[in-house]
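A.B. asks: My structure is in my_file-v2.txt, and what it holds is compact mmCIF, C-alpha atoms:
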```txt
# COMPACT_ATOMS: atom_id res chain seq x y z
CA MET U 918 -1.31 16.65 -0.80
CA LYS U 919 -2.20 14.58 -3.84
CA ILE U 920 -5.54 12.77 -3.83
CA GLY U 921 -5.50 9.24 -5.21
CA VAL U 922 -7.31 5.92 -5.17
CA ARG U 923 -6.76 2.19 -5.44
CA ALA U 924 -7.84 2.00 -9.06
CA HIS U 925 -9.37 -1.48 -9.06
CA ASP U 926 -12.06 -0.25 -6.67
CA TYR U 927 -13.59 1.04 -9.91
CA GLY U 928 -13.48 -2.41 -11.46
CA LYS U 929 -11.39 -3.76 -14.30
CA ARG U 930 -11.08 -1.69 -17.49
CA GLU U 931 -8.91 -1.01 -20.51
CA ILE U 932 -5.79 0.94 -19.61
CA GLU U 933 -6.75 4.12 -21.44
CA LYS U 934 -10.34 4.08 -20.20
CA MET U 935 -9.25 3.67 -16.59
CA ALA U 936 -6.85 6.61 -16.78
CA GLN U 937 -9.57 8.79 -18.29
CA LEU U 938 -12.13 7.73 -15.70
CA LEU U 939 -9.84 8.52 -12.78
CA HIS U 940 -9.12 11.96 -14.24
CA GLU U 941 -12.81 12.66 -14.69
CA GLU U 942 -13.53 11.54 -11.11
CA GLY U 943 -11.07 14.15 -9.85
CA TYR U 944 -8.06 12.11 -8.79
CA GLU U 945 -4.43 13.12 -9.16
CA ALA U 946 -2.88 9.72 -8.43
CA ALA U 947 -3.61 6.00 -8.45
CA GLN U 948 -2.33 2.77 -6.96
CA LEU U 949 -2.32 0.13 -9.66
CA ALA U 950 -2.39 -3.63 -9.10
CA LEU U 951 -2.10 -4.56 -12.77
CA PRO U 952 -3.87 -7.97 -12.82
CA LYS U 953 -6.78 -6.53 -10.80
CA VAL U 954 -7.30 -3.29 -12.68
CA PHE U 955 -6.59 -3.77 -16.39
CA ALA U 956 -8.44 -5.86 -18.93
CA GLY U 957 -6.12 -8.30 -20.69
CA ILE U 958 -3.83 -8.78 -17.67
CA GLU U 959 -4.88 -11.73 -15.54
CA ARG U 960 -1.51 -12.56 -13.95
CA TYR U 961 1.78 -10.77 -13.41
CA GLU U 962 3.21 -13.16 -15.99
CA ASP U 963 0.90 -11.60 -18.62
CA ILE U 964 2.47 -8.13 -18.39
CA THR U 965 4.25 -7.03 -21.58
CA GLU U 966 6.36 -4.09 -22.69
CA ASN U 967 3.35 -2.87 -24.65
CA HIS U 968 1.17 -2.84 -21.52
CA LEU U 969 3.77 -0.82 -19.63
CA GLU U 970 4.16 1.74 -22.40
CA ARG U 971 0.38 2.11 -22.71
CA ILE U 972 0.12 2.66 -18.96
CA ARG U 973 2.84 5.30 -19.01
CA ALA U 974 1.33 7.13 -21.98
CA ALA U 975 -2.30 6.99 -20.80
CA PHE U 976 -1.63 8.08 -17.24
CA GLU U 977 0.66 10.89 -18.41
CA LYS U 978 -2.02 12.06 -20.86
CA TRP U 979 -4.70 12.21 -18.17
CA LYS U 980 -2.32 13.61 -15.54
CA ILE U 981 -2.68 10.73 -13.10
CA GLU U 982 0.51 9.98 -11.17
CA ILE U 983 1.31 6.39 -10.15
CA PRO U 984 2.91 6.48 -6.71
CA VAL U 985 2.45 2.73 -6.08
CA PHE U 986 2.35 -0.43 -8.16
CA GLY U 987 0.47 -2.81 -5.86
CA CYS U 988 1.99 -6.30 -5.91
CA TYR U 989 0.85 -7.94 -2.68
CA MET U 990 2.91 -11.04 -1.99
CA ASP U 991 3.29 -13.60 0.79
CA LEU U 992 6.79 -12.50 1.80
CA GLY U 993 6.94 -14.22 5.17
CA ASN U 994 5.50 -17.61 4.28
CA PRO U 995 7.69 -20.44 5.63
CA ASP U 996 7.10 -22.43 2.42
CA PRO U 997 10.19 -21.70 0.28
CA VAL U 998 8.30 -22.23 -2.99
CA ILE U 999 5.68 -19.61 -2.08
CA ARG U 1000 8.31 -17.23 -0.78
CA ASP U 1001 10.58 -17.57 -3.81
CA TYR U 1002 7.64 -16.88 -6.13
CA ALA U 1003 6.85 -13.76 -4.10
CA VAL U 1004 10.41 -12.47 -4.33
CA ARG U 1005 10.74 -13.22 -8.04
CA THR U 1006 7.44 -11.53 -8.82
CA LEU U 1007 8.30 -8.44 -6.82
CA LYS U 1008 11.68 -8.18 -8.53
CA LYS U 1009 9.95 -8.24 -11.92
CA CYS U 1010 7.51 -5.59 -10.77
CA LEU U 1011 10.36 -3.34 -9.67
CA LEU U 1012 11.52 -3.25 -13.27
CA TYR U 1013 7.95 -2.81 -14.52
CA SER U 1014 7.46 0.13 -12.17
CA ARG U 1015 10.42 1.95 -13.66
CA GLN U 1016 9.25 1.28 -17.20
CA ALA U 1017 5.71 2.52 -16.48
CA GLY U 1018 6.75 5.53 -14.45
CA ALA U 1019 5.51 4.32 -11.04
CA GLY U 1020 7.06 5.64 -7.86
CA ALA U 1021 7.33 2.39 -5.90
CA VAL U 1022 6.22 -1.23 -5.71
CA GLY U 1023 4.15 -1.86 -2.61
CA THR U 1024 3.19 -5.00 -0.69
CA GLU U 1025 2.04 -6.30 2.66
CA THR U 1026 4.07 -9.16 4.14
CA ALA U 1027 1.54 -12.01 4.25
CA TYR U 1028 -1.91 -13.10 3.12
CA LEU U 1029 -3.26 -14.85 6.20
CA HIS U 1030 -4.43 -13.52 9.56
CA LEU U 1031 -1.69 -14.86 11.82
CA ASN U 1032 -1.65 -15.40 15.56
CA ARG U 1033 1.21 -14.15 17.72
CA SER U 1034 3.33 -17.29 17.56
CA GLU U 1035 2.90 -17.53 13.78
CA LYS U 1036 3.94 -13.91 13.31
CA LEU U 1037 7.10 -14.50 15.29
CA ARG U 1038 7.88 -17.66 13.31
CA TRP U 1039 7.32 -15.90 9.98
CA GLN U 1040 9.39 -12.79 10.75
CA PRO U 1041 12.85 -14.18 9.85
CA TYR U 1042 11.50 -15.39 6.50
CA MET U 1043 9.91 -11.99 5.92
CA LEU U 1044 13.20 -10.21 6.66
CA ASP U 1045 15.09 -12.48 4.26
CA SER U 1046 12.56 -11.81 1.49
CA ILE U 1047 12.63 -8.05 2.04
CA LYS U 1048 16.44 -8.07 1.92
CA ARG U 1049 16.44 -9.89 -1.42
CA VAL U 1050 13.90 -7.52 -2.95
CA VAL U 1051 15.64 -4.40 -1.64
CA ASP U 1052 18.93 -5.59 -3.11
CA GLU U 1053 17.22 -5.65 -6.51
CA ALA U 1054 15.57 -2.28 -5.87
CA ALA U 1055 18.99 -0.81 -5.12
CA ARG U 1056 20.43 -2.32 -8.30
CA LEU U 1057 17.63 -0.77 -10.38
CA ASP U 1058 17.54 2.39 -8.23
CA VAL U 1059 13.79 2.13 -7.63
CA LYS U 1060 11.71 2.02 -4.45
CA PHE U 1061 10.18 -0.93 -2.63
CA ALA U 1062 7.49 -0.10 -0.06
CA ILE U 1063 6.22 -2.43 2.68
CA GLU U 1064 2.95 -1.99 4.57
CA PRO U 1065 2.65 -2.82 8.27
CA VAL U 1066 -0.50 -4.74 9.28
CA TYR U 1067 -1.13 -5.89 12.82
CA TRP U 1068 -2.14 -9.45 11.78
CA HIS U 1069 0.95 -9.95 9.56
CA PRO U 1070 4.65 -10.51 10.38
CA LEU U 1071 5.30 -6.76 9.97
CA GLU U 1072 2.94 -6.26 12.86
CA ASP U 1073 3.94 -3.27 14.98
CA LEU U 1074 6.21 -0.26 15.29
CA GLU U 1075 8.98 -2.20 17.01
CA THR U 1076 9.12 -4.71 14.14
CA VAL U 1077 9.04 -1.99 11.48
CA LEU U 1078 11.96 -0.16 13.08
CA PHE U 1079 13.87 -3.44 13.44
CA VAL U 1080 13.43 -4.19 9.72
CA ILE U 1081 14.42 -0.67 8.67
CA ASP U 1082 17.57 -0.92 10.79
CA LYS U 1083 18.51 -4.40 9.58
CA ILE U 1084 18.04 -3.52 5.90
CA GLY U 1085 19.81 -0.19 6.25
CA ASP U 1086 18.71 1.29 2.92
CA PRO U 1087 16.02 3.95 3.46
CA ALA U 1088 16.43 5.24 -0.09
CA HIS U 1089 15.11 1.97 -1.51
CA LEU U 1090 13.03 0.52 1.36
CA ARG U 1091 9.99 2.68 2.04
CA ILE U 1092 6.80 2.39 4.12
CA ILE U 1093 3.12 2.58 3.19
CA PHE U 1094 1.21 3.89 6.20
CA ASP U 1095 -2.36 2.62 6.66
CA ALA U 1096 -3.94 3.58 9.96
CA SER U 1097 -6.81 1.11 9.55
CA ASN U 1098 -4.36 -1.78 9.34
CA LEU U 1099 -2.65 -0.74 12.58
CA LEU U 1100 -5.66 -0.10 14.83
CA GLN U 1101 -6.28 -3.46 16.48
CA TYR U 1102 -8.24 -2.13 19.46
CA PRO U 1103 -10.22 0.97 18.43
CA ASP U 1104 -12.09 1.22 21.74
CA GLN U 1105 -8.93 0.99 23.82
CA THR U 1106 -6.52 3.18 21.85
CA ASP U 1107 -5.70 6.85 22.36
CA GLN U 1108 -5.42 7.46 18.63
CA GLU U 1109 -3.89 10.93 18.88
CA GLN U 1110 -0.98 9.59 20.88
CA TYR U 1111 -0.79 6.35 18.89
CA TRP U 1112 -0.50 8.06 15.51
CA LYS U 1113 1.96 10.63 16.82
CA GLU U 1114 4.17 7.79 18.06
CA TRP U 1115 4.05 6.00 14.71
CA LEU U 1116 4.61 9.10 12.59
CA SER U 1117 7.41 10.55 14.67
CA ALA U 1118 9.25 7.22 14.44
CA ILE U 1119 8.76 6.30 10.77
CA GLY U 1120 7.53 9.47 9.09
CA GLN U 1121 10.74 9.99 7.16
CA TYR U 1122 10.31 6.59 5.51
CA ILE U 1123 6.68 6.94 4.39
CA GLU U 1124 6.11 6.84 0.64
CA ALA U 1125 2.29 6.99 0.59
CA VAL U 1126 -0.65 6.98 2.99
CA HIS U 1127 -3.64 4.69 2.54
CA ILE U 1128 -6.89 6.31 3.60
CA LYS U 1129 -9.91 4.27 4.65
CA ASP U 1130 -12.39 3.97 7.50
CA PHE U 1131 -14.37 1.20 9.19
CA TYR U 1132 -16.30 0.08 12.21
CA LEU U 1133 -16.51 -3.31 13.92
CA ASP U 1134 -19.88 -5.02 14.10
CA LYS U 1135 -21.15 -6.80 17.23
CA ASN U 1136 -19.18 -9.91 16.26
CA GLY U 1137 -15.97 -7.96 15.67
CA GLY U 1138 -16.37 -8.08 11.89
CA TYR U 1139 -14.72 -5.43 9.76
CA CYS U 1140 -17.19 -3.09 8.02
CA PRO U 1141 -15.82 -0.44 5.61
CA VAL U 1142 -17.61 2.91 5.52
CA PRO U 1143 -17.21 6.32 3.84
CA LEU U 1144 -14.41 8.42 5.29
CA GLY U 1145 -15.36 10.08 8.54
CA GLY U 1146 -18.10 7.57 9.28
CA GLY U 1147 -16.05 5.05 11.22
CA VAL U 1148 -13.55 4.74 14.05
CA ILE U 1149 -10.42 6.24 12.49
CA GLU U 1150 -9.42 9.62 13.94
CA TYR U 1151 -7.31 11.42 11.35
CA GLY U 1152 -6.58 14.60 13.36
CA ALA U 1153 -3.03 13.71 14.38
CA VAL U 1154 -2.31 12.32 10.91
CA CYS U 1155 -3.49 15.58 9.30
CA GLU U 1156 -1.38 17.64 11.66
CA TRP U 1157 1.72 15.61 10.84
CA LEU U 1158 1.08 15.78 7.09
CA HIS U 1159 0.71 19.55 7.05
CA LYS U 1160 3.81 20.05 9.15
CA ASN U 1161 6.07 17.47 7.56
CA ARG U 1162 4.77 16.12 4.24
CA PRO U 1163 2.32 18.44 2.47
CA ASP U 1164 3.33 16.71 -0.78
CA MET U 1165 2.16 13.26 0.40
CA TYR U 1166 0.00 10.92 -1.70
CA LEU U 1167 -3.30 10.07 -0.01
CA LEU U 1168 -4.61 6.88 -1.62
CA ARG U 1169 -8.21 5.92 -0.89
CA GLU U 1170 -8.74 2.18 -0.49
CA GLU U 1171 -12.05 0.30 -0.36
CA MET U 1172 -13.64 3.07 -2.39
CA ASN U 1173 -17.35 2.77 -3.13
CA PRO U 1174 -17.82 4.68 -6.41
CA GLU U 1175 -21.27 5.76 -5.22
CA THR U 1176 -19.71 7.77 -2.39
CA ALA U 1177 -16.51 8.77 -4.20
CA LYS U 1178 -17.26 12.49 -4.30
CA GLN U 1179 -17.88 12.52 -0.54
CA ASP U 1180 -14.60 10.72 0.11
CA ILE U 1181 -12.61 12.98 -2.24
CA ALA U 1182 -14.01 16.00 -0.40
CA PHE U 1183 -12.96 14.45 2.93
CA MET U 1184 -9.40 13.93 1.68
CA ARG U 1185 -9.19 17.45 0.28
CA ASN U 1186 -10.29 18.77 3.66
CA MET U 1187 -7.42 16.83 5.20
```
How would this structure read if it were set down as structure tokens?

C.D. replies:
Amino acid sequence: MKIGVRAHDYGKREIEKMAQLLHEEGYEAAQLALPKVFAGIERYEDITENHLERIRAAFEKWKIEIPVFGCYMDLGNPDPVIRDYAVRTLKKCLLYSRQAGAGAVGTETAYLHLNRSEKLRWQPYMLDSIKRVVDEAARLDVKFAIEPVYWHPLEDLETVLFVIDKIGDPAHLRIIFDASNLLQYPDQTDQEQYWKEWLSAIGQYIEAVHIKDFYLDKNGGYCPVPLGGGVIEYGAVCEWLHKNRPDMYLLREEMNPETAKQDIAFMRNM
């Protein structure tokens, strides 16, 4: 398995300095959201050919692979202006990912925490947006990866399988698996069975795995913690990885640089 990180958890830096830092920290891979991680890029519209070539050269030099370009867009929003911007931006990033040597462009399917009726209302818009982006991914022969989150339109296993079936292009539509974003009821969930169900159903479509941990405070608030210190049980995930995808990218999100070494050790033990 290849150990990686969401690079902007280390702040915003020059391209070459970020690549060097990640190498020195001990990573083999990075998820890059360009406007969040690199000095001189404030918006996706700021990205130039020079930026992309510098990214490719710097990350090759320091032996950091780029499995995911993070470009999180509001794909299911009923507002056509917001949705069209999301699709256009993702299409641009598909081309950027190829130029910079990234493996896929990844996104969730909304920004807001939606209730059940809102998720159902947003799902047809989400599907339409995904179809338009995957069509472009197929034309460019690059990968587009979507991330299920229980408070977004792509909310559960049934919806994920429905989208995969409707799109019908597993070579270009991939999945980012993030256990923390799927565990709505930690105290009520048999995680071993839950993760086995997810991974047996969608494992063949997974492009990368996000790794993080958390607990819920007395008010139900989300509190990130170092890996192994929260509610996520990674046993079934580890078993599946070793059996099926020992080459998988494990990308740490919500990294606290002060506990980075501890988290890297946890992922290596996985």

A.B. asks: In the coordinates of the file, take the point (8.3, -18.9, 2.1) and a cut-off of 12 Å; then, counting all atoms listed in the file, name each qualifying protein, DNA or RNA residue as number ranges by chain.

C.D. replies: U: 990-1005, 1026-1028, 1038-1047

A.B. asks: Report as a list in words all protein, DNA and RNA residues lying within 10 Å of Ala1118 in chain U, evaluated on all atoms listed in the file, omitting residues in the same chain fewer than 3 positions from it.

C.D. replies: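 The residues satisfying every condition are Leu1074, Glu1075, Val1077, Leu1078, Trp1112, Lys1113, Glu1114, Trp1115, Gln1121 and Tyr1122 of chain U.
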
A.B. asks: As an exercise, work out the distance from CA of Gln948 in chain U to CA of Ala1125 in chain U in Å and give it to one decimal place.

C.D. replies: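 Here the two named atoms are 9.8 Å from each other.
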
A.B. asks: If I take CA of Thr1024 in chain U and CA of Gln1179 in chain U, how far is one from the other in Å, to one decimal?

C.D. replies: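 Distance reported for this atom pair: 27.4 Å.
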
A.B. asks: Distance table requested - range 1149-1182 of chain U against range 1079-1098 of chain U, cut-off 9 Å, all atoms listed in the file: one row per qualifying residue with the closest atom pair and its distance in Å to one decimal, ordered by chain and rising residue number, as JSON lines.

C.D. replies:
```
{"residue": "U:Ile1149", "atom": "CA", "partner": "U:Ser1097", "partner_atom": "CA", "distance": 6.9}
{"residue": "U:Tyr1151", "atom": "CA", "partner": "U:Ala1096", "partner_atom": "CA", "distance": 8.6}
{"residue": "U:Val1154", "atom": "CA", "partner": "U:Ala1096", "partner_atom": "CA", "distance": 8.9}
```

A.B. asks: Of the candidates U:Ser1117, U:Thr1106, U:Thr1176, U:Gln1101, which shows the shortest atom-to-atom distance to Gly1137 in chain U, using all atoms listed in the file?

C.D. replies: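 The shortest atom-to-atom distance to Gly1137 in chain U comes from U:Gln1101.
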
A.B. asks: Hey, can you check how far CA of His1127 in chain U sits from CA of Leu1168 in chain U?

C.D. replies: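 We find that CA of His1127 in chain U and CA of Leu1168 in chain U lie 4.8 Å from each other.
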
A.B. asks: Once you add 3 Å to each side, what are the centre and edge lengths of the axis-aligned box holding all listed atoms of range 1097-1112 of chain U? One decimal in Å, as AutoDock Vina command-line options, if you can.

C.D. replies:
```
--center_x -6.3 --center_y 3.7 --center_z 16.6 --size_x 17.6 --size_y 20.4 --size_z 20.5
```

A.B. asks: Hey, which of U:Leu1116, U:Phe976, U:Ile1128, U:Glu1175 ends up closest to Asn1161 in chain U? Count all atoms listed in the file.

C.D. replies: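 Checking each of U:Leu1116, U:Phe976, U:Ile1128, U:Glu1175 against Asn1161 in chain U, counting all atoms listed in the file, the winner is U:Leu1116.
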
A.B. asks: Please identify all polymer residues lying at most 7 Å from the point (1.9, 10.4, 5.4) (file coordinates), using all atoms listed in the file, and present the result as a PyMOL selection string.

C.D. replies: chain U and resi 1094+1120+1123+1125-1126+1158+1162+1165

A.B. asks: Quick one: write out the picked residues with C-alpha atoms as a PDB file, in the frame of the given file?

C.D. replies:
```
ATOM      1  CA  PHE U1094       1.210   3.890   6.200  1.00  0.00           C
ATOM      2  CA  GLY U1120       7.530   9.470   9.090  1.00  0.00           C
ATOM      3  CA  ILE U1123       6.680   6.940   4.390  1.00  0.00           C
ATOM      4  CA  ALA U1125       2.290   6.990   0.590  1.00  0.00           C
ATOM      5  CA  VAL U1126      -0.650   6.980   2.990  1.00  0.00           C
ATOM      6  CA  LEU U1158       1.080  15.780   7.090  1.00  0.00           C
ATOM      7  CA  ARG U1162       4.770  16.120   4.240  1.00  0.00           C
ATOM      8  CA  MET U1165       2.160  13.260   0.400  1.00  0.00           C
TER       9      MET U1165
END
```

A.B. asks: Per residue of range 928-1029 of chain U within 7 Å of range 1050-1066 of chain U, note the shortest atom pair and the distance in Å to one decimal, counting only C-alpha atoms, and order the rows by chain and increasing residue number, as a Markdown table.

C.D. replies:
```
| residue | atom | partner | partner_atom | distance |
| --- | --- | --- | --- | --- |
| U:Val1004 | CA | U:Val1050 | CA | 6.2 |
| U:Leu1007 | CA | U:Val1050 | CA | 6.9 |
| U:Lys1008 | CA | U:Val1050 | CA | 6.0 |
| U:Leu1011 | CA | U:Ala1054 | CA | 6.5 |
| U:Arg1015 | CA | U:Val1059 | CA | 6.9 |
| U:Gly1020 | CA | U:Lys1060 | CA | 6.8 |
| U:Ala1021 | CA | U:Lys1060 | CA | 4.6 |
| U:Val1022 | CA | U:Phe1061 | CA | 5.0 |
| U:Gly1023 | CA | U:Ala1062 | CA | 4.6 |
| U:Thr1024 | CA | U:Ile1063 | CA | 5.2 |
| U:Glu1025 | CA | U:Glu1064 | CA | 4.8 |
```

A.B. asks: Using all atoms listed in the file, which of U:His1030, U:His968, U:Arg923, U:Arg1185 sits nearest Tyr1013 in chain U?

C.D. replies: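 Closest to Tyr1013 in chain U, using all atoms listed in the file: U:His968.
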
A.B. asks: Looking at all atoms listed in the file, which of U:Cys1140, U:Ile972, U:Ile932, U:Trp979 is the one that sits closest to Gly957 in chain U?

C.D. replies: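 Among the listed residues, U:Ile932 lies closest to Gly957 in chain U.
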
A.B. asks: Give me, as JSON lines, the closest atom pair and its distance (Å, one decimal) for every residue of range 952-1009 of chain U within a cut-off of 12 Å of range 937-945 of chain U, counting all atoms listed in the file, rows sorted by chain and rising number.

C.D. replies:
```
{"residue": "U:Ile972", "atom": "CA", "partner": "U:Gln937", "partner_atom": "CA", "distance": 11.5}
{"residue": "U:Ala974", "atom": "CA", "partner": "U:Gln937", "partner_atom": "CA", "distance": 11.6}
{"residue": "U:Ala975", "atom": "CA", "partner": "U:Gln937", "partner_atom": "CA", "distance": 7.9}
{"residue": "U:Phe976", "atom": "CA", "partner": "U:Gln937", "partner_atom": "CA", "distance": 8.0}
{"residue": "U:Glu977", "atom": "CA", "partner": "U:Gln937", "partner_atom": "CA", "distance": 10.4}
{"residue": "U:Lys978", "atom": "CA", "partner": "U:Gln937", "partner_atom": "CA", "distance": 8.6}
{"residue": "U:Trp979", "atom": "CA", "partner": "U:His940", "partner_atom": "CA", "distance": 5.9}
{"residue": "U:Lys980", "atom": "CA", "partner": "U:Glu945", "partner_atom": "CA", "distance": 6.7}
{"residue": "U:Ile981", "atom": "CA", "partner": "U:Glu945", "partner_atom": "CA", "distance": 4.9}
{"residue": "U:Glu982", "atom": "CA", "partner": "U:Glu945", "partner_atom": "CA", "distance": 6.2}
{"residue": "U:Ile983", "atom": "CA", "partner": "U:Glu945", "partner_atom": "CA", "distance": 8.9}
{"residue": "U:Pro984", "atom": "CA", "partner": "U:Glu945", "partner_atom": "CA", "distance": 10.2}
```

A.B. asks: Leaving out range 924-929 of chain U and any residue of its chain fewer than 6 positions from it, which residues lie within 7 Å of it when counting all atoms listed in the file, given as JSON, numbers by chain?

C.D. replies: {"U": [947, 948, 949, 953, 954, 955, 956, 1171, 1172, 1174]}

A.B. asks: Write the residues you've just listed into a file as a CSV table (one decimal), in the frame of the given file, and include C-alpha atoms for each of them.

C.D. replies:
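Output (result_25.csv):
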```csv
chain,number,residue,atom,x,y,z
U,947,ALA,CA,-3.6,6.0,-8.4
U,948,GLN,CA,-2.3,2.8,-7.0
U,949,LEU,CA,-2.3,0.1,-9.7
U,953,LYS,CA,-6.8,-6.5,-10.8
U,954,VAL,CA,-7.3,-3.3,-12.7
U,955,PHE,CA,-6.6,-3.8,-16.4
U,956,ALA,CA,-8.4,-5.9,-18.9
U,1171,GLU,CA,-12.0,0.3,-0.4
U,1172,MET,CA,-13.6,3.1,-2.4
U,1174,PRO,CA,-17.8,4.7,-6.4
```

A.B. asks: What would range 986-994 of chain U look like with all heavy atoms in place, written as a compact mmCIF listing (two decimals), in the coordinates of the input?

C.D. replies:
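Resulting contents of out10.txt:
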```
# COMPACT_ATOMS: atom_id res chain seq x y z
N PHE U 986 2.78 0.79 -7.50
CA PHE U 986 2.35 -0.43 -8.16
C PHE U 986 2.05 -1.44 -7.04
O PHE U 986 2.96 -1.85 -6.32
CB PHE U 986 3.48 -0.99 -9.03
CG PHE U 986 3.34 -0.74 -10.50
CD1 PHE U 986 2.53 0.26 -10.99
CD2 PHE U 986 4.06 -1.50 -11.40
CE1 PHE U 986 2.42 0.50 -12.35
CE2 PHE U 986 3.97 -1.27 -12.77
CZ PHE U 986 3.14 -0.26 -13.24
N GLY U 987 0.79 -1.83 -6.87
CA GLY U 987 0.47 -2.81 -5.86
C GLY U 987 0.79 -4.22 -6.34
O GLY U 987 0.29 -4.66 -7.37
N CYS U 988 1.64 -4.91 -5.60
CA CYS U 988 1.99 -6.30 -5.91
C CYS U 988 2.08 -7.04 -4.59
O CYS U 988 3.16 -7.25 -4.04
CB CYS U 988 3.30 -6.35 -6.68
SG CYS U 988 3.84 -8.02 -7.11
N TYR U 989 0.91 -7.41 -4.05
CA TYR U 989 0.85 -7.94 -2.68
C TYR U 989 1.23 -9.42 -2.69
O TYR U 989 0.56 -10.23 -3.30
CB TYR U 989 -0.54 -7.71 -2.10
CG TYR U 989 -0.76 -6.26 -1.69
CD1 TYR U 989 -0.32 -5.22 -2.47
CD2 TYR U 989 -1.40 -5.97 -0.49
CE1 TYR U 989 -0.51 -3.89 -2.10
CE2 TYR U 989 -1.61 -4.65 -0.10
CZ TYR U 989 -1.15 -3.62 -0.91
OH TYR U 989 -1.35 -2.31 -0.54
N MET U 990 2.33 -9.71 -1.97
CA MET U 990 2.91 -11.04 -1.99
C MET U 990 3.11 -11.57 -0.57
O MET U 990 3.23 -10.81 0.38
CB MET U 990 4.25 -11.00 -2.73
CG MET U 990 4.12 -10.79 -4.22
SD MET U 990 3.56 -12.30 -5.05
CE MET U 990 2.41 -11.63 -6.24
N ASP U 991 3.18 -12.89 -0.49
CA ASP U 991 3.29 -13.60 0.79
C ASP U 991 4.76 -13.70 1.19
O ASP U 991 5.36 -14.78 1.18
CB ASP U 991 2.67 -14.98 0.62
CG ASP U 991 2.08 -15.54 1.91
OD1 ASP U 991 2.21 -14.88 2.94
OD2 ASP U 991 1.49 -16.63 1.86
N LEU U 992 5.35 -12.58 1.61
CA LEU U 992 6.79 -12.50 1.80
C LEU U 992 7.31 -13.30 2.98
O LEU U 992 8.47 -13.68 3.01
CB LEU U 992 7.21 -11.04 1.99
CG LEU U 992 7.22 -10.17 0.74
CD1 LEU U 992 7.66 -8.75 1.11
CD2 LEU U 992 8.15 -10.74 -0.31
N GLY U 993 6.46 -13.54 3.98
CA GLY U 993 6.94 -14.22 5.17
C GLY U 993 6.60 -15.69 5.24
O GLY U 993 6.93 -16.35 6.22
N ASN U 994 5.96 -16.22 4.21
CA ASN U 994 5.50 -17.61 4.28
C ASN U 994 6.68 -18.57 4.47
O ASN U 994 7.67 -18.49 3.74
CB ASN U 994 4.75 -17.95 3.00
CG ASN U 994 3.90 -19.20 3.15
OD1 ASN U 994 4.40 -20.28 3.43
ND2 ASN U 994 2.60 -19.05 2.98
```
